[in-house]
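Everything below belongs to coords19.json, which stores JSON, C-alpha atoms and all ligand atoms.
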[["chain", "number", "residue", "atom", "x", "y", "z"],
["A", 540, "MET", "CA", 60.55, -16.60, 121.53],
["A", 541, "ARG", "CA", 62.87, -18.79, 123.54],
["A", 542, "GLN", "CA", 64.80, -16.00, 125.28],
["A", 543, "ALA", "CA", 61.63, -15.02, 127.08],
["A", 544, "LEU", "CA", 61.08, -18.44, 128.64],
["A", 545, "TRP", "CA", 63.08, -17.75, 131.77],
["A", 546, "LEU", "CA", 61.02, -14.78, 132.78],
["A", 547, "GLU", "CA", 57.83, -16.26, 131.38],
["A", 548, "ASP", "CA", 56.65, -13.14, 129.69],
["A", 549, "ALA", "CA", 57.37, -11.66, 126.32],
["A", 550, "ARG", "CA", 58.95, -8.30, 126.82],
["A", 551, "THR", "CA", 61.18, -7.04, 124.05],
["A", 552, "ASN", "CA", 64.86, -7.86, 124.14],
["A", 553, "LEU", "CA", 66.73, -4.55, 123.91],
["A", 554, "ILE", "CA", 69.84, -6.22, 122.52],
["A", 555, "THR", "CA", 69.99, -6.23, 118.73],
["A", 556, "GLU", "CA", 71.53, -9.33, 117.14],
["A", 557, "SER", "CA", 71.34, -11.02, 120.53],
["A", 558, "GLU", "CA", 72.64, -14.33, 119.13],
["A", 559, "ASN", "CA", 75.10, -12.97, 116.58],
["A", 560, "PHE", "CA", 78.13, -11.73, 118.46],
["A", 561, "GLY", "CA", 79.91, -11.09, 115.17],
["A", 562, "ALA", "CA", 77.28, -8.60, 113.99],
["A", 563, "SER", "CA", 78.15, -4.94, 113.53],
["A", 564, "THR", "CA", 75.94, -4.08, 116.50],
["A", 565, "TRP", "CA", 78.57, -5.83, 118.67],
["A", 566, "ALA", "CA", 81.60, -3.53, 118.64],
["A", 567, "ALA", "CA", 84.99, -4.97, 119.56],
["A", 568, "THR", "CA", 87.49, -3.19, 121.77],
["A", 569, "LEU", "CA", 91.03, -4.31, 120.93],
["A", 570, "THR", "CA", 91.07, -7.73, 119.31],
["A", 571, "PRO", "CA", 88.78, -10.23, 121.01],
["A", 572, "THR", "CA", 88.48, -13.47, 119.08],
["A", 573, "ARG", "CA", 85.03, -14.47, 117.91],
["A", 574, "SER", "CA", 84.37, -17.92, 116.50],
["A", 575, "SER", "CA", 80.86, -18.65, 115.26],
["A", 576, "SER", "CA", 78.93, -21.88, 114.65],
["A", 577, "GLN", "CA", 79.48, -23.36, 118.10],
["A", 578, "ALA", "CA", 77.05, -25.87, 119.60],
["A", 579, "ASP", "CA", 74.30, -24.00, 121.45],
["A", 580, "PRO", "CA", 71.94, -25.02, 124.28],
["A", 581, "TYR", "CA", 69.11, -25.88, 121.89],
["A", 582, "GLY", "CA", 70.96, -28.39, 119.72],
["A", 583, "ASP", "CA", 71.82, -25.96, 116.98],
["A", 584, "THR", "CA", 75.15, -24.29, 116.23],
["A", 585, "ASN", "CA", 74.34, -20.63, 116.83],
["A", 586, "ALA", "CA", 76.69, -20.03, 119.78],
["A", 587, "TRP", "CA", 80.06, -18.27, 119.74],
["A", 588, "LEU", "CA", 83.42, -18.79, 121.37],
["A", 589, "LEU", "CA", 84.56, -15.38, 122.62],
["A", 590, "GLY", "CA", 88.21, -14.97, 123.56],
["A", 591, "ASP", "CA", 90.74, -12.52, 124.96],
["A", 592, "ASN", "CA", 94.24, -13.29, 123.68],
["A", 593, "GLY", "CA", 95.95, -10.15, 124.97],
["A", 594, "THR", "CA", 98.20, -10.19, 128.05],
["A", 595, "THR", "CA", 98.21, -6.43, 128.61],
["A", 596, "ALA", "CA", 94.58, -5.34, 128.38],
["A", 597, "GLN", "CA", 90.96, -6.40, 128.60],
["A", 598, "GLU", "CA", 89.46, -7.29, 125.26],
["A", 599, "PHE", "CA", 85.69, -7.19, 125.02],
["A", 600, "ILE", "CA", 82.57, -6.59, 122.95],
["A", 601, "THR", "CA", 79.79, -4.08, 123.52],
["A", 602, "ASN", "CA", 76.25, -3.57, 122.26],
["A", 603, "VAL", "CA", 74.48, -0.21, 122.44],
["A", 604, "PHE", "CA", 70.82, -0.31, 123.41],
["A", 605, "VAL", "CA", 68.10, 2.21, 124.19],
["A", 606, "PRO", "CA", 66.45, 1.54, 127.56],
["A", 607, "PRO", "CA", 62.80, 1.95, 128.36],
["A", 608, "SER", "CA", 61.70, 4.37, 131.03],
["A", 609, "THR", "CA", 62.44, 2.06, 133.90],
["A", 610, "THR", "CA", 65.10, 1.64, 136.49],
["A", 611, "VAL", "CA", 65.07, -2.15, 136.36],
["A", 612, "LEU", "CA", 66.75, -4.03, 133.54],
["A", 613, "ALA", "CA", 66.70, -7.82, 133.68],
["A", 614, "THR", "CA", 69.97, -8.89, 132.08],
["A", 615, "SER", "CA", 70.99, -12.41, 131.15],
["A", 616, "LEU", "CA", 73.47, -14.36, 129.09],
["A", 617, "PHE", "CA", 74.02, -18.02, 128.31],
["A", 618, "MET", "CA", 77.56, -19.16, 129.00],
["A", 619, "ARG", "CA", 79.51, -22.41, 128.81],
["A", 620, "GLU", "CA", 83.00, -22.98, 130.11],
["A", 621, "GLY", "CA", 85.56, -22.17, 127.44],
["A", 622, "SER", "CA", 88.49, -24.20, 126.20],
["A", 623, "THR", "CA", 90.97, -21.98, 128.08],
["A", 624, "THR", "CA", 89.24, -20.34, 130.97],
["A", 625, "ALA", "CA", 90.67, -17.15, 132.48],
["A", 626, "ALA", "CA", 91.47, -17.62, 136.17],
["A", 627, "SER", "CA", 89.87, -14.23, 136.82],
["A", 628, "GLY", "CA", 86.69, -15.40, 135.14],
["A", 629, "SER", "CA", 84.44, -13.76, 132.57],
["A", 630, "ARG", "CA", 82.12, -10.81, 133.06],
["A", 631, "PHE", "CA", 79.05, -9.18, 131.60],
["A", 632, "LEU", "CA", 77.58, -5.85, 132.61],
["A", 633, "VAL", "CA", 75.14, -3.08, 131.80],
["A", 634, "PHE", "CA", 76.57, 0.43, 131.70],
["A", 635, "ASN", "CA", 75.28, 3.96, 131.20],
["A", 636, "ASN", "CA", 78.03, 5.55, 129.13],
["A", 637, "THR", "CA", 76.63, 9.04, 129.41],
["A", 638, "ALA", "CA", 76.44, 8.96, 133.19],
["A", 639, "SER", "CA", 79.46, 6.63, 133.47],
["A", 640, "VAL", "CA", 77.62, 4.32, 135.86],
["A", 641, "THR", "CA", 77.51, 0.54, 135.96],
["A", 642, "TYR", "CA", 73.92, -0.56, 136.61],
["A", 643, "GLY", "CA", 74.60, -4.26, 136.90],
["A", 644, "GLN", "CA", 77.57, -6.58, 136.66],
["A", 645, "GLY", "CA", 78.08, -10.32, 136.94],
["A", 646, "THR", "CA", 81.39, -12.15, 137.16],
["A", 647, "VAL", "CA", 81.50, -15.85, 136.32],
["A", 648, "THR", "CA", 84.16, -18.37, 137.32],
["A", 649, "TRP", "CA", 84.16, -22.06, 136.47],
["A", 650, "SER", "CA", 84.92, -25.36, 138.15],
["A", 651, "SER", "CA", 84.59, -28.49, 136.01],
["A", 652, "GLY", "CA", 82.00, -26.82, 133.81],
["A", 653, "VAL", "CA", 79.90, -25.49, 136.69],
["A", 654, "PRO", "CA", 79.73, -21.71, 137.03],
["A", 655, "THR", "CA", 79.76, -19.49, 140.06],
["A", 656, "LEU", "CA", 78.02, -16.21, 139.35],
["A", 657, "THR", "CA", 78.91, -13.26, 141.54],
["A", 658, "VAL", "CA", 76.64, -10.27, 141.12],
["A", 659, "ASP", "CA", 79.08, -7.43, 141.76],
["A", 660, "THR", "CA", 76.59, -4.65, 141.04],
["A", 661, "GLY", "CA", 72.81, -4.83, 140.88],
["A", 662, "SER", "CA", 70.86, -7.67, 142.42],
["A", 663, "THR", "CA", 70.46, -11.38, 141.92],
["A", 664, "TYR", "CA", 67.09, -12.64, 140.74],
["A", 665, "ALA", "CA", 67.77, -16.26, 139.89],
["A", 666, "SER", "CA", 70.45, -18.88, 140.33],
["A", 667, "PRO", "CA", 72.28, -19.99, 137.20],
["A", 668, "GLU", "CA", 69.92, -22.23, 135.25],
["A", 669, "GLN", "CA", 71.40, -25.34, 133.69],
["A", 670, "PHE", "CA", 70.75, -26.22, 130.06],
["A", 671, "ALA", "CA", 71.90, -29.09, 127.86],
["A", 672, "GLY", "CA", 75.44, -29.36, 126.59],
["A", 673, "GLY", "CA", 77.20, -27.65, 129.49],
["A", 674, "TRP", "CA", 75.25, -24.41, 129.10],
["A", 675, "TRP", "CA", 74.05, -22.16, 131.89],
["A", 676, "ARG", "CA", 71.86, -19.10, 131.75],
["A", 677, "MET", "CA", 72.89, -16.42, 134.19],
["A", 678, "GLY", "CA", 71.53, -13.03, 135.00],
["A", 679, "PHE", "CA", 71.03, -10.14, 137.33],
["A", 680, "ILE", "CA", 68.86, -7.09, 137.80],
["A", 681, "ALA", "CA", 70.61, -3.90, 136.73],
["A", 682, "ASN", "CA", 69.36, -0.95, 138.75],
["A", 683, "GLY", "CA", 69.87, 2.58, 137.53],
["A", 684, "SER", "CA", 68.27, 5.75, 136.35],
["A", 685, "THR", "CA", 67.81, 4.93, 132.72],
["A", 686, "ASN", "CA", 67.22, 7.74, 130.30],
["A", 687, "ALA", "CA", 66.57, 7.08, 126.64],
["A", 688, "ALA", "CA", 68.74, 10.08, 125.79],
["A", 689, "ASP", "CA", 71.76, 8.42, 127.40],
["A", 690, "THR", "CA", 73.93, 5.86, 125.68],
["A", 691, "HIS", "CA", 73.63, 2.45, 127.35],
["A", 692, "GLN", "CA", 75.73, -0.57, 126.57],
["A", 693, "MET", "CA", 76.01, -4.22, 127.44],
["A", 694, "PHE", "CA", 79.62, -5.38, 127.80],
["A", 695, "ILE", "CA", 80.97, -8.94, 127.64],
["A", 696, "TYR", "CA", 84.52, -9.66, 128.80],
["A", 697, "PRO", "CA", 86.01, -13.13, 128.20],
["A", 698, "ALA", "CA", 88.68, -12.40, 130.83],
["A", 699, "VAL", "CA", 88.28, -10.07, 133.79],
["A", 700, "SER", "CA", 91.92, -9.41, 134.62],
["A", 701, "SER", "CA", 93.72, -7.43, 131.93],
["A", 702, "THR", "CA", 96.74, -9.74, 132.07],
["A", 703, "ASP", "CA", 94.60, -12.87, 131.69],
["A", 704, "VAL", "CA", 93.84, -14.58, 128.45],
["A", 705, "GLY", "CA", 90.92, -16.96, 128.11],
["A", 706, "ASP", "CA", 87.70, -17.71, 126.34],
["A", 707, "VAL", "CA", 84.09, -18.55, 127.07],
["A", 708, "TYR", "CA", 81.21, -19.82, 124.96],
["A", 709, "VAL", "CA", 78.34, -17.32, 124.78],
["A", 710, "PHE", "CA", 74.79, -17.37, 123.44],
["A", 711, "GLY", "CA", 71.57, -15.40, 123.70],
["A", 712, "ALA", "CA", 72.31, -12.05, 125.37],
["A", 713, "GLN", "CA", 69.25, -10.36, 126.77],
["A", 714, "VAL", "CA", 68.40, -7.04, 128.41],
["A", 715, "GLU", "CA", 64.76, -6.24, 128.99],
["A", 801, "CA", "CA", 93.60, -9.84, 128.47]]

Turn the structure described in the file into structure tokens.
Ligand SMILES: [Ca+2]
Amino acid sequence: MRQALWLEDARTNLITESENFGASTWAATLTPTRSSSQADPYGDTNAWLLGDNGTTAQEFITNVFVPPSTTVLATSLFMREGSTTAASGSRFLVFNNTASVTYGQGTVTWSSGVPTLTVDTGSTYASPEQFAGGWWRMGFIANGSTNAADTHQMFIYPAVSSTDVGDVYVFGAQVE
């Protein structure tokens, strides 16, 4: 189970279809572009190019998950610099929809293929880890009062600023 390697245990990934960003479990808001069959960090072609092509709004994808009874959710995502990177960067976050609270949020900007991860909400638990092919695995700890009765979602934004367009390669989303 390769997604568990970073944390070196084998807890269950709460994200369904964690490598298939075109699956029905990943809902699109507005019209983000999703291109499958991209080169991934393990030499296969299971990654996606996720894009925002709208100049008036944020376009993004979300995945609903049911949290365990814990207040700590380790969240991570593989990213690679896109073909047209948004100046405002890309973002991924964990959100409690019911309580309307962001538990953890990371914003990623790029310079010559090297990311800078800013943990806006939550706490950092590892520096971005480099993989083959320009890939990096990035994460944070999302802290919040999870409740299985609440709706929780992971969000991925190719472009942070609503007026920006841009794309980013993504692979292997994980919340555990
Ligand atoms: Ca936009």

Go through chain A and flag each residue having an atom no more than 6 Å from ligand CA 801 (chain A); for those, report the closest pair of atoms plus their distance in Å to one decimal, using all atoms listed in the file, ordered by chain and rising number, as a tab-separated table.
residue	atom	partner	partner_atom	distance
A:Asp591	CA	A:CA801	CA	5.3
A:Asn592	CA	A:CA801	CA	5.9
A:Gly593	CA	A:CA801	CA	4.2
A:Thr594	CA	A:CA801	CA	4.6
A:Thr595	CA	A:CA801	CA	5.7
A:Ala596	CA	A:CA801	CA	4.6
A:Gln597	CA	A:CA801	CA	4.3
A:Glu598	CA	A:CA801	CA	5.8
A:Ser701	CA	A:CA801	CA	4.2
A:Thr702	CA	A:CA801	CA	4.8
A:Asp703	CA	A:CA801	CA	4.5
A:Val704	CA	A:CA801	CA	4.7

Q: Record the distance separating CA of Asp659 (chain A) and CA of Gln644 (chain A), expressed in Å with one decimal.
A: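 Computing it gives 5.4 Å between the two atoms.
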
Q) Using only C-alpha atoms, which of A:Ala567, A:Val707, A:Ala578, A:Val603 sits nearest Ser622 (chain A)? A) A:Val707

Q | Closest of A:Ala613, A:Val653, A:Val647, A:Ala665 to Ala681 (chain A) - atom-to-atom distances counting all atoms listed in the file | A | A:Ala613

Q. So what do you get for CA of Thr564 (chain A) versus CA of Gln692 (chain A), distance-wise?
A. 10.7 Å

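Restricting the calculation to all atoms listed in the file, the smallest distance between Arg550 (chain A) and any of A:Ala687, A:Leu612, A:Met618, A:Leu569 is found for A:Leu612.
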
Please identify all polymer residues within 8 Å of Gly621 (chain A), counting all atoms listed in the file, omitting same-chain residues fewer than 5 positions from it, and present them as a compact mmCIF listing (two decimals) with C-alpha atoms, in the frame of the given file.
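After the write, around-v9.txt holds the following:
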# COMPACT_ATOMS: atom_id res chain seq x y z
CA LEU A 588 83.42 -18.79 121.37
CA GLY A 705 90.92 -16.96 128.11
CA ASP A 706 87.70 -17.71 126.34
CA VAL A 707 84.09 -18.55 127.07
CA TYR A 708 81.21 -19.82 124.96

**Q.** Nearest-residue call for Arg676 (chain A), choices A:Thr614, A:Thr660, A:Ser651, A:Asn636, using all atoms listed in the file
**A.**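 Of A:Thr614, A:Thr660, A:Ser651, A:Asn636, the one nearest Arg676 (chain A), counting all atoms listed in the file, is A:Thr614.
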
(Q) One decimal, in Å: what's the spacing between CA of Thr690 (chain A) and CA of Arg573 (chain A)? (A)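 Straight-line distance from CA of Thr690 (chain A) to CA of Arg573 (chain A) works out to 24.4 Å.
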
**Q.** Best match for closeness to Glu715 (chain A) among A:Phe631, A:Trp565, A:Phe679, A:Trp649, counting all atoms listed in the file
**A.**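 Checking each candidate against Glu715 (chain A), we get A:Phe679 as the closest.
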
Q | Within 6 Å of Tyr696 (chain A) using only C-alpha atoms, minus same-chain residues under 5 positions, as a PyMOL selection string | A | chain A and resi 599+629-630

Q) Leaving out Gly661 (chain A) and any residue of its chain fewer than 2 positions from it, which residues lie within 6 Å of it when counting all atoms listed in the file, given as a list in words? A)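 The residues satisfying every condition are Gly643, Ile680, Ala681 and Asn682 of chain A.
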
Name all residues at most 7 Å from Gln577 (chain A) (count all atoms listed in the file; drop same-chain ones fewer than 4 positions away) and give them as a compact mmCIF listing (two decimals) with C-alpha atoms, in the frame of the given file.
# COMPACT_ATOMS: atom_id res chain seq x y z
CA THR A 584 75.15 -24.29 116.23
CA ASN A 585 74.34 -20.63 116.83
CA ALA A 586 76.69 -20.03 119.78
CA TRP A 587 80.06 -18.27 119.74
CA LEU A 588 83.42 -18.79 121.37

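For the set A:Val611, A:Val709, A:Val605, A:Leu589, the residue with the smallest atom-to-atom gap to Gly673 (chain A) is A:Val709, counting only C-alpha atoms.
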
Q. Do you know which residues lie at most 8 Å from (60.8, 6.7, 131.6), with coordinates as in the file and only C-alpha atoms counted, and could you write them as a list of chain:residue names?
A.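 Those within range, by chain then number, are A:Pro607, A:Ser608, A:Thr609, A:Thr685, A:Asn686, A:Ala687.
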
Padded axis-aligned box of region 707-713 of chain A (3 Å per side), centre and edge lengths, Å, one decimal, as lines of an AutoDock Vina configuration file:
center_x = 76.7
center_y = -15.1
center_z = 125.3
size_x = 20.8
size_y = 15.5
size_z = 9.6

Could you give me, as a compact mmCIF listing (two decimals) with C-alpha atoms, in the coordinates of the input, the residues within 10 Å of Thr655 (chain A), counting only C-alpha atoms and dropping anything in the same chain fewer than 3 positions from it?
# COMPACT_ATOMS: atom_id res chain seq x y z
CA GLY A 628 86.69 -15.40 135.14
CA GLY A 645 78.08 -10.32 136.94
CA THR A 646 81.39 -12.15 137.16
CA VAL A 647 81.50 -15.85 136.32
CA THR A 648 84.16 -18.37 137.32
CA TRP A 649 84.16 -22.06 136.47
CA SER A 650 84.92 -25.36 138.15
CA GLY A 652 82.00 -26.82 133.81
CA VAL A 658 76.64 -10.27 141.12
CA SER A 666 70.45 -18.88 140.33
CA PRO A 667 72.28 -19.99 137.20
CA MET A 677 72.89 -16.42 134.19
